[in-house]
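Read through the structure below, which is laid out as structure tokens, and then see the notes.
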Amino acid sequence: MTYNYSFEIAATIIMFLLLFTHLINPNFEMAKSRAFFFFLIAGICESILNVLSSWGLVNTHIVSSDANNIICFLFFLAEAATSLLFFRYVTILCEPARKKRVLYAQLAIVPCALFLLILFTNDIFHLLYKIEDNVYSQGKLAWYGYAYIGLYILASFAVSITAKRTIRGRNRYAVLLAASISLIGVLIQYNIKNVLLTGFANAIILSLFYIFIQNPNELHDKATGISNNRALYLRFENGLNIEKPMRVLLFDLHQSSQLNVMYGYRIGNSVLSEIGAFFAETVGSSNAFRVSDSVFAAILKSDKEVERVRLLAEERFSKTWDIDNIQIGVPLKMACIKYPEDVLTTKDFYGLEVFVKQLLRKDSMTTYLDISPEIKKQYIRLSEVDVALKKALEDKSLEVYFQPIFSVKENHFNSLEALARMFDKELGFVPPDEFISRAEYSGLIIPLDLMILDKTCDFIEKKILPNNERLKIESVHINISALQCLQPNMDKAILDIIDRHKVPREMIILEITERAAVTAAEIMERHMRNLKNCGIRFALDDYGTGNSNCSYLIDYPFDKVKFDKSMVWAYFKSKTGKIILDGEMKTIHNLNIPIVAEGVETAEQIDAMNLLNVDSIQGYFYSKPLPGDELLDFLFRQDITTT
């Protein structure tokens with residue numbers, strides 16, 4: 001028989017190029033990378049041996065019968081390994097649980113063991129092939145060689161389809177395509193035996209896996225030359241799978257985000273590149289990662305290694321980074337997360353990492369943070385709040401309380417502020433600052449805002465409007481988050497809720513913080529104009545915190561300004577606070593914008609606010625936030641008192 005080697009030779013060249021590329025690019029000691037490497041090596045061996053065995057059987061005048069027998073034996077051995085390693089690679093991609101992983105390994109051994117038994121006894125029984133007088137002939141079980149490959153292909157189909165929850169979408173498509181190509185290759189090879197295609201199918205499959213799954217560029221940070229955050233999480237996940245103790249040392253350089261602003265992008269990127277090179281040299285290129293714009297990380301093996309790297313980092317960052325004769329200082333903060341002491345899952349690691357970065361940035365004095373029991377307790381609490389918040393949103397069990405706002409000029413309560421309250425069976429009362437900050441972090445603040453608006457409008461429709469001749473409530477304030485303001489359909493979503501409950505639009509005042517105005521400047525201004533044209537009004541909330549100033553009143557059409565409790569209280573703490581508050585209020589009065597003073601709790605504060613001519617007062621002096629029914633009772637009692 002005359003064989004066509006063209007496809008197999010091309011396949012060998014392709015696989016050698018893949019091997020070269022795989023070796024020169026940074027790879028992590030992960031089960032996936034190791035399985036790919038061994039699959040690739042087996043594929044190369046199978047392809048070379050396929051060519052050699054076919055060539056040897058044709059050129060019997062050059063190659064002896066014994067040599068041909070050995071080459072054929074090695075070819076079938078490589079074929080057995082390639083099919084098994086293909087299935088092994090697929091099962092790793094499916095990320096099965098430990099029990100399933102063991103089960104897959106046990107099942108995979110059965111057809112392989114049978115194939116090896118047939119192969120190793122072939123010299124006796126000749127069930128697979130026979131070479132006699134240097135003439136090759138197939139044995140009675142030669143068909144099993146094809147069936148053997150087909151079994152692993154079908155098993156790969158089954159495993160990838162049933163593992164929808166654990167295998168990543170693109171990985172599953174790559175596996176299904178690869179298995180299909182392999183199956184087509186086997187069928188063609190079975191029917192056209194003189195054209196060698198086994199290695200070519202393997203080369204296509206390996207190329208697919210390399211491009212879509214192993215691609216090192218997806219794990220590479222171009223600016224610094226080291227690995228990125230995805231690589232960090234994959235590496236950490238691999239450590240979990242093999243239950244290998246790890247220490248992740250985080251390097252927070254949050255002020256480095258200002259480098260591009262101060263020195264330009266070229267110099268800023270050069271500094272980051274130098275920093276990346278330092279970490280790669282200090283901990284090894286496969287252990288250094290850039291997690292985000294200003295956070296780096298290193299995966300280390302022991303506390304002793306953590307201490308070594310920590311001291312080297314402190315020493316290096318105590319000096320400047322010299323770029324184009326410019327000496328640039330970059331402040332450094334560090335924290336260490338340990339497995340299994342601090343976290344047991346990738347999800348916990350990700351959450352704790354974010355929490356630790358927040359702690360580092362809040363405390364200007366802390367330069368190194370080791371995870372203490374107290375920090376873990378705080379993190380666990382936040383995780384529990386996250387779970388409770390999701391459940392509360394699903395169950396729509398978040399409650400709305402209302403705090404009355406007293407009109408100084410009208411001498412009665414004419415407004416309300418709607419405030420979210422959360423009660424959980426396990427956690428009890430969860431303070432607003434706690435669950436709202438978690439909602440903002442997770443993005444759940446968007447449905448939370450709309451739920452509170454919906455419940456508020458429902459209360460207005462059913463309780464306020466039927467009694468408003470007596471209550472005389474002119475407006476209800478509702479907080480809208482910065483993230484909500486970024487939504488392109490915010491104005492439509494708000495109007496839909498208000499109109500569905502038949503609430504007069506002019507009765508709704510949306511409270512926007514300075515942060516919302518800054519975060520979504522252009523889109524916020526558009527939303528405000530659209531909603532104001534529909535009758536909705538706006539209040540600038542928490543005035544006096546952050547960088548709030550009168551420029552926001554020029555840029556945005558606010559109808560009210562609410563002075564934050566901290567600024568109101570500062571009036572009584574120092575002469576400076578008194579001068580500032582007095583000046584700010586005079587300016588806003590000159591703009592003819594009504595003022596609401598928040599956080600007023602004492603008679604002394606009431607007198608002061610009256611002297612400052614504030615229009616409305618909100619605070620515990622009058623009432624704490626109340627559930628809807630209690631609020632109505634409170635307002636009815638006030639009505640009786642005033643009449």
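Letters A, B, ... mark the chains of the structure tokens in the order given; residue numbers begin at 1 per chain; ligand numbers begin at 1, in order shown.
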
Show me, as a VMD selection string, the residues that have an atom within 9 Å of Ile445 (chain A) when counting only C-alpha atoms, minus same-chain residues fewer than 6 positions from it.
chain A and resid 436 to 439 481 483 to 484

Residues near Leu300 (chain A), anyone? I mean within 8 Å using only C-alpha atoms, not counting same-chain ones fewer than 3 positions away, as a PDB file with C-alpha atoms, in the first residue's frame.
ATOM      1  CA  MET A 246      -0.934  29.450  49.267  1.00  0.00           C
ATOM      2  CA  ARG A 247      -0.185  32.983  50.412  1.00  0.00           C
ATOM      3  CA  VAL A 248      -1.397  35.816  48.195  1.00  0.00           C
ATOM      4  CA  LEU A 249       0.496  39.012  48.959  1.00  0.00           C
ATOM      5  CA  VAL A 283       8.893  36.453  43.065  1.00  0.00           C
ATOM      6  CA  ASN A 287       4.056  34.243  40.472  1.00  0.00           C
ATOM      7  CA  GLU A 305       8.616  33.762  51.747  1.00  0.00           C
ATOM      8  CA  VAL A 306       5.923  36.391  52.424  1.00  0.00           C
TER       9      VAL A 306
END

Using CA of Val58 (chain A) and CA of Lys130 (chain A) as the two end points, give the distance in Å to one decimal.
14.9 Å

Need the shell around region 523-525 of chain A: protein/DNA/RNA residues with any atom at most 12 Å away, counting only C-alpha atoms. Skip same-chain ones fewer than 5 positions apart. Format as a ChimeraX atom specification?
/A:480-491,512-518,530-532,538,552-558

Those residues you just picked out, can you put them in a file as a compact mmCIF listing (two decimals), in the first residue's frame with N, CA, C and O atoms?
# COMPACT_ATOMS: atom_id res chain seq x y z
N ILE A 480 -31.94 58.55 45.00
CA ILE A 480 -31.55 57.85 43.78
C ILE A 480 -30.02 57.73 43.77
O ILE A 480 -29.31 58.73 43.93
N SER A 481 -29.51 56.53 43.58
CA SER A 481 -28.06 56.27 43.68
C SER A 481 -27.31 56.75 42.43
O SER A 481 -27.90 56.96 41.36
N ALA A 482 -25.99 56.87 42.59
CA ALA A 482 -25.13 57.27 41.47
C ALA A 482 -25.19 56.24 40.35
O ALA A 482 -25.22 56.59 39.17
N LEU A 483 -25.23 54.96 40.72
CA LEU A 483 -25.26 53.90 39.71
C LEU A 483 -26.57 53.94 38.92
O LEU A 483 -26.58 53.69 37.71
N GLN A 484 -27.66 54.25 39.61
CA GLN A 484 -28.95 54.37 38.92
C GLN A 484 -28.89 55.48 37.88
O GLN A 484 -29.47 55.37 36.78
N CYS A 485 -28.20 56.55 38.23
CA CYS A 485 -28.11 57.71 37.33
C CYS A 485 -27.35 57.39 36.05
O CYS A 485 -27.47 58.10 35.05
N LEU A 486 -26.57 56.31 36.06
CA LEU A 486 -25.82 55.91 34.87
C LEU A 486 -26.66 55.10 33.89
O LEU A 486 -26.26 54.87 32.76
N GLN A 487 -27.83 54.64 34.36
CA GLN A 487 -28.67 53.82 33.50
C GLN A 487 -29.32 54.68 32.41
O GLN A 487 -29.95 55.69 32.72
N PRO A 488 -29.18 54.28 31.17
CA PRO A 488 -29.72 55.11 30.08
C PRO A 488 -31.23 55.27 30.10
O PRO A 488 -31.77 56.24 29.59
N ASN A 489 -31.93 54.31 30.72
CA ASN A 489 -33.40 54.37 30.75
C ASN A 489 -33.93 54.78 32.12
O ASN A 489 -35.09 54.50 32.44
N MET A 490 -33.09 55.44 32.93
CA MET A 490 -33.51 55.81 34.28
C MET A 490 -34.78 56.64 34.29
O MET A 490 -35.72 56.37 35.04
N ASP A 491 -34.84 57.66 33.45
CA ASP A 491 -36.00 58.56 33.45
C ASP A 491 -37.29 57.81 33.10
O ASP A 491 -38.32 58.00 33.75
N ILE A 512 -30.43 63.56 44.92
CA ILE A 512 -29.21 63.16 44.22
C ILE A 512 -28.01 63.68 45.01
O ILE A 512 -27.98 64.85 45.40
N THR A 513 -27.03 62.81 45.22
CA THR A 513 -25.82 63.25 45.94
C THR A 513 -24.83 63.86 44.96
O THR A 513 -24.95 63.69 43.74
N GLU A 514 -23.85 64.54 45.53
CA GLU A 514 -22.77 65.10 44.71
C GLU A 514 -22.10 64.00 43.90
O GLU A 514 -21.75 64.18 42.74
N ARG A 515 -21.92 62.82 44.52
CA ARG A 515 -21.25 61.70 43.84
C ARG A 515 -21.98 61.31 42.56
O ARG A 515 -21.37 61.03 41.54
N ALA A 516 -23.31 61.30 42.62
CA ALA A 516 -24.10 60.96 41.44
C ALA A 516 -23.88 62.00 40.34
O ALA A 516 -23.75 61.67 39.16
N ALA A 517 -23.84 63.26 40.74
CA ALA A 517 -23.65 64.34 39.77
C ALA A 517 -22.29 64.24 39.09
O ALA A 517 -22.16 64.46 37.88
N VAL A 518 -21.26 63.89 39.87
CA VAL A 518 -19.90 63.80 39.33
C VAL A 518 -19.74 62.55 38.49
O VAL A 518 -19.14 62.56 37.41
N ASN A 530 -35.02 65.96 31.41
CA ASN A 530 -36.18 65.20 30.93
C ASN A 530 -37.23 65.06 32.02
O ASN A 530 -38.43 65.26 31.78
N LEU A 531 -36.79 64.70 33.23
CA LEU A 531 -37.72 64.47 34.33
C LEU A 531 -38.35 65.78 34.82
O LEU A 531 -39.53 65.82 35.19
N LYS A 532 -37.55 66.84 34.83
CA LYS A 532 -38.10 68.14 35.26
C LYS A 532 -39.18 68.62 34.27
O LYS A 532 -40.19 69.20 34.67
N PHE A 538 -35.96 67.93 41.97
CA PHE A 538 -34.70 67.34 42.47
C PHE A 538 -34.16 68.12 43.66
O PHE A 538 -34.31 69.35 43.73
N TYR A 552 -22.46 73.06 41.63
CA TYR A 552 -23.44 72.05 41.24
C TYR A 552 -24.82 72.67 41.06
O TYR A 552 -25.62 72.20 40.26
N LEU A 553 -25.09 73.75 41.79
CA LEU A 553 -26.39 74.42 41.69
C LEU A 553 -26.48 75.23 40.40
O LEU A 553 -27.57 75.52 39.91
N ILE A 554 -25.31 75.56 39.85
CA ILE A 554 -25.28 76.28 38.57
C ILE A 554 -25.43 75.29 37.42
O ILE A 554 -26.15 75.52 36.45
N ASP A 555 -24.73 74.13 37.54
CA ASP A 555 -24.69 73.15 36.46
C ASP A 555 -25.95 72.30 36.37
O ASP A 555 -26.29 71.80 35.30
N TYR A 556 -26.64 72.10 37.49
CA TYR A 556 -27.80 71.21 37.52
C TYR A 556 -29.02 71.94 38.07
O TYR A 556 -28.90 72.76 38.98
N PRO A 557 -30.21 71.60 37.57
CA PRO A 557 -31.43 72.32 37.98
C PRO A 557 -32.03 71.78 39.28
O PRO A 557 -33.12 71.19 39.29
N PHE A 558 -31.34 71.97 40.40
CA PHE A 558 -31.87 71.50 41.69
C PHE A 558 -32.94 72.46 42.21
O PHE A 558 -32.83 73.68 42.11

Each region 413-437 of chain A residue no farther than 9 Å from region 625-637 of chain A, nearest pair in Å, only C-alpha atoms, as a Markdown table:
| residue | atom | partner | partner_atom | distance |
| --- | --- | --- | --- | --- |
| A:Phe413 | CA | A:Leu635 | CA | 7.7 |
| A:Glu417 | CA | A:Pro625 | CA | 8.4 |
| A:Ala418 | CA | A:Pro625 | CA | 8.4 |
| A:Leu419 | CA | A:Pro625 | CA | 7.5 |

Can you list every residue of region 366-462 of chain A that has an atom at most 9 Å from region 471-476 of chain A, with its nearest atom pair and the distance in Å to one decimal, using only C-alpha atoms, ordered by chain then number, as a tab-separated table?
residue	atom	partner	partner_atom	distance
A:Phe402	CA	A:Val476	CA	9.0
A:His412	CA	A:Lys472	CA	8.7
A:Phe413	CA	A:Ile473	CA	7.1
A:Asn414	CA	A:Ile473	CA	4.5
A:Ser415	CA	A:Ser475	CA	4.9
A:Leu416	CA	A:Val476	CA	4.7
A:Glu417	CA	A:Val476	CA	5.6
A:Ala418	CA	A:Val476	CA	7.0
A:Thr456	CA	A:Val476	CA	8.5
A:Ile460	CA	A:Val476	CA	8.6

Serialized selection, N, CA, C and O atoms, as a PDB file, in the first residue's frame:
ATOM      1  N   PHE A 402     -40.625  56.339  56.737  1.00  0.00           N
ATOM      2  CA  PHE A 402     -40.759  57.729  56.301  1.00  0.00           C
ATOM      3  C   PHE A 402     -40.411  58.663  57.454  1.00  0.00           C
ATOM      4  O   PHE A 402     -40.909  58.498  58.572  1.00  0.00           O
ATOM      5  N   HIS A 412     -45.862  73.342  59.722  1.00  0.00           N
ATOM      6  CA  HIS A 412     -46.380  71.968  59.823  1.00  0.00           C
ATOM      7  C   HIS A 412     -45.516  71.063  58.922  1.00  0.00           C
ATOM      8  O   HIS A 412     -44.696  71.530  58.132  1.00  0.00           O
ATOM      9  N   PHE A 413     -45.727  69.767  59.055  1.00  0.00           N
ATOM     10  CA  PHE A 413     -44.973  68.802  58.242  1.00  0.00           C
ATOM     11  C   PHE A 413     -45.590  68.752  56.851  1.00  0.00           C
ATOM     12  O   PHE A 413     -46.746  68.343  56.684  1.00  0.00           O
ATOM     13  N   ASN A 414     -44.810  69.161  55.872  1.00  0.00           N
ATOM     14  CA  ASN A 414     -45.356  69.184  54.508  1.00  0.00           C
ATOM     15  C   ASN A 414     -44.617  68.253  53.548  1.00  0.00           C
ATOM     16  O   ASN A 414     -44.970  68.160  52.379  1.00  0.00           O
ATOM     17  N   SER A 415     -43.575  67.593  54.072  1.00  0.00           N
ATOM     18  CA  SER A 415     -42.808  66.684  53.210  1.00  0.00           C
ATOM     19  C   SER A 415     -42.402  65.436  54.001  1.00  0.00           C
ATOM     20  O   SER A 415     -42.402  65.445  55.240  1.00  0.00           O
ATOM     21  N   LEU A 416     -42.020  64.396  53.247  1.00  0.00           N
ATOM     22  CA  LEU A 416     -41.527  63.157  53.844  1.00  0.00           C
ATOM     23  C   LEU A 416     -40.279  62.716  53.080  1.00  0.00           C
ATOM     24  O   LEU A 416     -40.138  63.020  51.891  1.00  0.00           O
ATOM     25  N   GLU A 417     -39.403  61.997  53.782  1.00  0.00           N
ATOM     26  CA  GLU A 417     -38.311  61.326  53.063  1.00  0.00           C
ATOM     27  C   GLU A 417     -38.490  59.825  53.218  1.00  0.00           C
ATOM     28  O   GLU A 417     -38.634  59.309  54.331  1.00  0.00           O
ATOM     29  N   ALA A 418     -38.493  59.114  52.078  1.00  0.00           N
ATOM     30  CA  ALA A 418     -38.612  57.652  52.082  1.00  0.00           C
ATOM     31  C   ALA A 418     -37.229  57.045  52.304  1.00  0.00           C
ATOM     32  O   ALA A 418     -36.269  57.398  51.613  1.00  0.00           O
ATOM     33  N   THR A 456     -42.886  53.289  47.772  1.00  0.00           N
ATOM     34  CA  THR A 456     -43.225  54.650  48.206  1.00  0.00           C
ATOM     35  C   THR A 456     -44.446  55.167  47.449  1.00  0.00           C
ATOM     36  O   THR A 456     -45.376  55.735  48.043  1.00  0.00           O
ATOM     37  N   ILE A 460     -48.075  56.325  48.825  1.00  0.00           N
ATOM     38  CA  ILE A 460     -48.686  57.622  48.503  1.00  0.00           C
ATOM     39  C   ILE A 460     -50.088  57.416  47.921  1.00  0.00           C
ATOM     40  O   ILE A 460     -51.051  58.092  48.302  1.00  0.00           O
TER      41      ILE A 460
END

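Our summary of the geometry notes that CA of Ala179 (chain A) is positioned 12.8 Å from CA of Thr91 (chain A).
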
Which residues are near region 100-114 of chain A? Cut-off 7 Å, only C-alpha atoms, ignore same chain within fewer than 3 positions. Put them as number ranges by chain.
A: 80, 96-97, 117-118, 148

Can you tell me, as an MDAnalysis selection string, what residues are no more than 9 Å from region 14-22 of chain A when counting only C-alpha atoms, ignoring any on the same chain fewer than 3 positions away?
chainID A and resid 9:11 25:27 37 40:41 43:44 199:200 202:204 206:207 210 214:216

Could you pull out the strand (DSSP E or B) residues of region 44-210 of chain A, going by DSSP on the backbone, and write them as a list in words?
Tyr129, Lys130, Ile131, Glu132, Val135, Tyr136, Ser137, Gln138 and Val195 of chain A

Pull N, CA, C and O atoms from the residues just selected and write them as a CSV table (one decimal), in the first residue's frame.
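As a result, part_23.csv now contains:
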chain,number,residue,atom,x,y,z
A,129,TYR,N,-2.5,-6.3,15.4
A,129,TYR,CA,-1.9,-6.3,14.1
A,129,TYR,C,-0.9,-7.5,14.1
A,129,TYR,O,-0.5,-8.1,15.1
A,130,LYS,N,-0.4,-7.8,12.9
A,130,LYS,CA,0.6,-8.8,12.7
A,130,LYS,C,1.6,-8.4,11.7
A,130,LYS,O,1.2,-8.0,10.6
A,131,ILE,N,2.9,-8.5,12.0
A,131,ILE,CA,3.9,-8.3,10.9
A,131,ILE,C,4.7,-9.6,10.7
A,131,ILE,O,5.5,-10.0,11.6
A,132,GLU,N,4.5,-10.2,9.6
A,132,GLU,CA,5.1,-11.5,9.3
A,132,GLU,C,5.8,-11.3,8.0
A,132,GLU,O,5.2,-10.9,7.0
A,135,VAL,N,5.5,-8.0,6.4
A,135,VAL,CA,4.2,-7.7,5.8
A,135,VAL,C,3.2,-7.4,6.9
A,135,VAL,O,3.0,-8.3,7.8
A,136,TYR,N,2.6,-6.2,6.9
A,136,TYR,CA,1.6,-5.8,7.9
A,136,TYR,C,0.2,-6.3,7.6
A,136,TYR,O,-0.3,-6.1,6.4
A,137,SER,N,-0.5,-6.8,8.6
A,137,SER,CA,-1.9,-7.2,8.4
A,137,SER,C,-2.6,-6.9,9.7
A,137,SER,O,-2.0,-7.0,10.8
A,138,GLN,N,-3.9,-6.6,9.6
A,138,GLN,CA,-4.7,-6.3,10.8
A,138,GLN,C,-5.2,-7.5,11.5
A,138,GLN,O,-5.4,-8.5,10.9
A,195,VAL,N,-4.4,7.4,3.5
A,195,VAL,CA,-4.1,8.8,3.8
A,195,VAL,C,-4.0,9.0,5.3
A,195,VAL,O,-5.0,8.8,6.0

DSSP alpha helix (DSSP H) selection over region 487-612 of chain A, as a PDB file with C-alpha atoms, in the first residue's frame:
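Result written to states.pdb:
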ATOM      1  CA  MET A 490     -33.507  55.806  34.282  1.00  0.00           C
ATOM      2  CA  ASP A 491     -36.003  58.556  33.453  1.00  0.00           C
ATOM      3  CA  LYS A 492     -38.418  56.163  31.732  1.00  0.00           C
ATOM      4  CA  ALA A 493     -38.182  53.573  34.552  1.00  0.00           C
ATOM      5  CA  ILE A 494     -38.973  56.230  37.178  1.00  0.00           C
ATOM      6  CA  LEU A 495     -41.886  57.751  35.263  1.00  0.00           C
ATOM      7  CA  ASP A 496     -43.392  54.319  34.578  1.00  0.00           C
ATOM      8  CA  ILE A 497     -43.529  53.547  38.320  1.00  0.00           C
ATOM      9  CA  ILE A 498     -44.917  56.965  39.306  1.00  0.00           C
ATOM     10  CA  ASP A 499     -47.595  56.918  36.611  1.00  0.00           C
ATOM     11  CA  ARG A 500     -48.611  53.323  37.333  1.00  0.00           C
ATOM     12  CA  GLU A 514     -22.774  65.103  44.707  1.00  0.00           C
ATOM     13  CA  ARG A 515     -21.254  61.702  43.843  1.00  0.00           C
ATOM     14  CA  ALA A 516     -24.098  60.965  41.436  1.00  0.00           C
ATOM     15  CA  ALA A 517     -23.654  64.343  39.766  1.00  0.00           C
ATOM     16  CA  VAL A 518     -19.904  63.804  39.326  1.00  0.00           C
ATOM     17  CA  THR A 519     -20.099  60.129  38.318  1.00  0.00           C
ATOM     18  CA  ALA A 521     -22.275  64.285  34.642  1.00  0.00           C
ATOM     19  CA  GLU A 522     -23.676  64.420  31.101  1.00  0.00           C
ATOM     20  CA  ILE A 523     -26.230  61.634  31.401  1.00  0.00           C
ATOM     21  CA  MET A 524     -27.347  62.963  34.811  1.00  0.00           C
ATOM     22  CA  GLU A 525     -28.004  66.407  33.395  1.00  0.00           C
ATOM     23  CA  ARG A 526     -30.040  64.870  30.548  1.00  0.00           C
ATOM     24  CA  HIS A 527     -32.080  62.750  32.987  1.00  0.00           C
ATOM     25  CA  MET A 528     -32.761  65.785  35.170  1.00  0.00           C
ATOM     26  CA  ARG A 529     -33.898  67.950  32.258  1.00  0.00           C
ATOM     27  CA  ASN A 530     -36.182  65.199  30.929  1.00  0.00           C
ATOM     28  CA  LEU A 531     -37.725  64.470  34.330  1.00  0.00           C
ATOM     29  CA  LYS A 532     -38.103  68.139  35.259  1.00  0.00           C
ATOM     30  CA  ASN A 533     -39.970  68.718  32.007  1.00  0.00           C
ATOM     31  CA  SER A 551     -21.116  75.063  41.262  1.00  0.00           C
ATOM     32  CA  TYR A 552     -23.439  72.052  41.245  1.00  0.00           C
ATOM     33  CA  LEU A 553     -26.389  74.418  41.685  1.00  0.00           C
ATOM     34  CA  ILE A 554     -25.280  76.277  38.573  1.00  0.00           C
ATOM     35  CA  ASP A 555     -24.694  73.154  36.458  1.00  0.00           C
ATOM     36  CA  LYS A 565     -26.046  66.511  59.490  1.00  0.00           C
ATOM     37  CA  SER A 566     -22.252  66.801  59.809  1.00  0.00           C
ATOM     38  CA  MET A 567     -22.320  70.383  58.530  1.00  0.00           C
ATOM     39  CA  VAL A 568     -25.286  71.345  60.726  1.00  0.00           C
ATOM     40  CA  TRP A 569     -23.517  69.961  63.798  1.00  0.00           C
ATOM     41  CA  ALA A 570     -20.224  71.652  62.854  1.00  0.00           C
ATOM     42  CA  LYS A 575     -16.312  79.235  64.979  1.00  0.00           C
ATOM     43  CA  THR A 576     -15.034  78.109  61.567  1.00  0.00           C
ATOM     44  CA  GLY A 577     -17.989  75.730  61.113  1.00  0.00           C
ATOM     45  CA  LYS A 578     -20.374  78.529  62.077  1.00  0.00           C
ATOM     46  CA  ILE A 579     -18.881  80.957  59.558  1.00  0.00           C
ATOM     47  CA  ILE A 580     -18.893  78.379  56.744  1.00  0.00           C
ATOM     48  CA  LEU A 581     -22.491  77.272  57.313  1.00  0.00           C
ATOM     49  CA  ASP A 582     -23.719  80.847  57.600  1.00  0.00           C
ATOM     50  CA  GLY A 583     -21.941  81.826  54.373  1.00  0.00           C
ATOM     51  CA  GLU A 584     -23.109  78.791  52.388  1.00  0.00           C
ATOM     52  CA  MET A 585     -26.723  79.263  53.428  1.00  0.00           C
ATOM     53  CA  LYS A 586     -26.707  82.974  52.557  1.00  0.00           C
ATOM     54  CA  THR A 587     -25.361  82.143  49.086  1.00  0.00           C
ATOM     55  CA  ILE A 588     -28.046  79.530  48.453  1.00  0.00           C
ATOM     56  CA  HIS A 589     -30.778  81.844  49.741  1.00  0.00           C
ATOM     57  CA  ASN A 590     -29.572  84.430  47.230  1.00  0.00           C
ATOM     58  CA  ALA A 603     -33.966  72.762  70.693  1.00  0.00           C
ATOM     59  CA  GLU A 604     -30.706  74.735  70.469  1.00  0.00           C
ATOM     60  CA  GLN A 605     -30.201  73.493  66.914  1.00  0.00           C
ATOM     61  CA  ILE A 606     -33.821  74.375  66.038  1.00  0.00           C
ATOM     62  CA  ASP A 607     -33.292  77.956  67.235  1.00  0.00           C
ATOM     63  CA  ALA A 608     -30.070  78.255  65.252  1.00  0.00           C
ATOM     64  CA  MET A 609     -31.654  76.949  62.056  1.00  0.00           C
ATOM     65  CA  ASN A 610     -34.517  79.402  62.458  1.00  0.00           C
ATOM     66  CA  LEU A 611     -32.016  82.252  62.817  1.00  0.00           C
TER      67      LEU A 611
END

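Of the listed residues (A:Val503, A:Leu332, A:Leu398, A:Ile48), A:Leu398 comes nearest to Pro447 (chain A); the distances count only C-alpha atoms.
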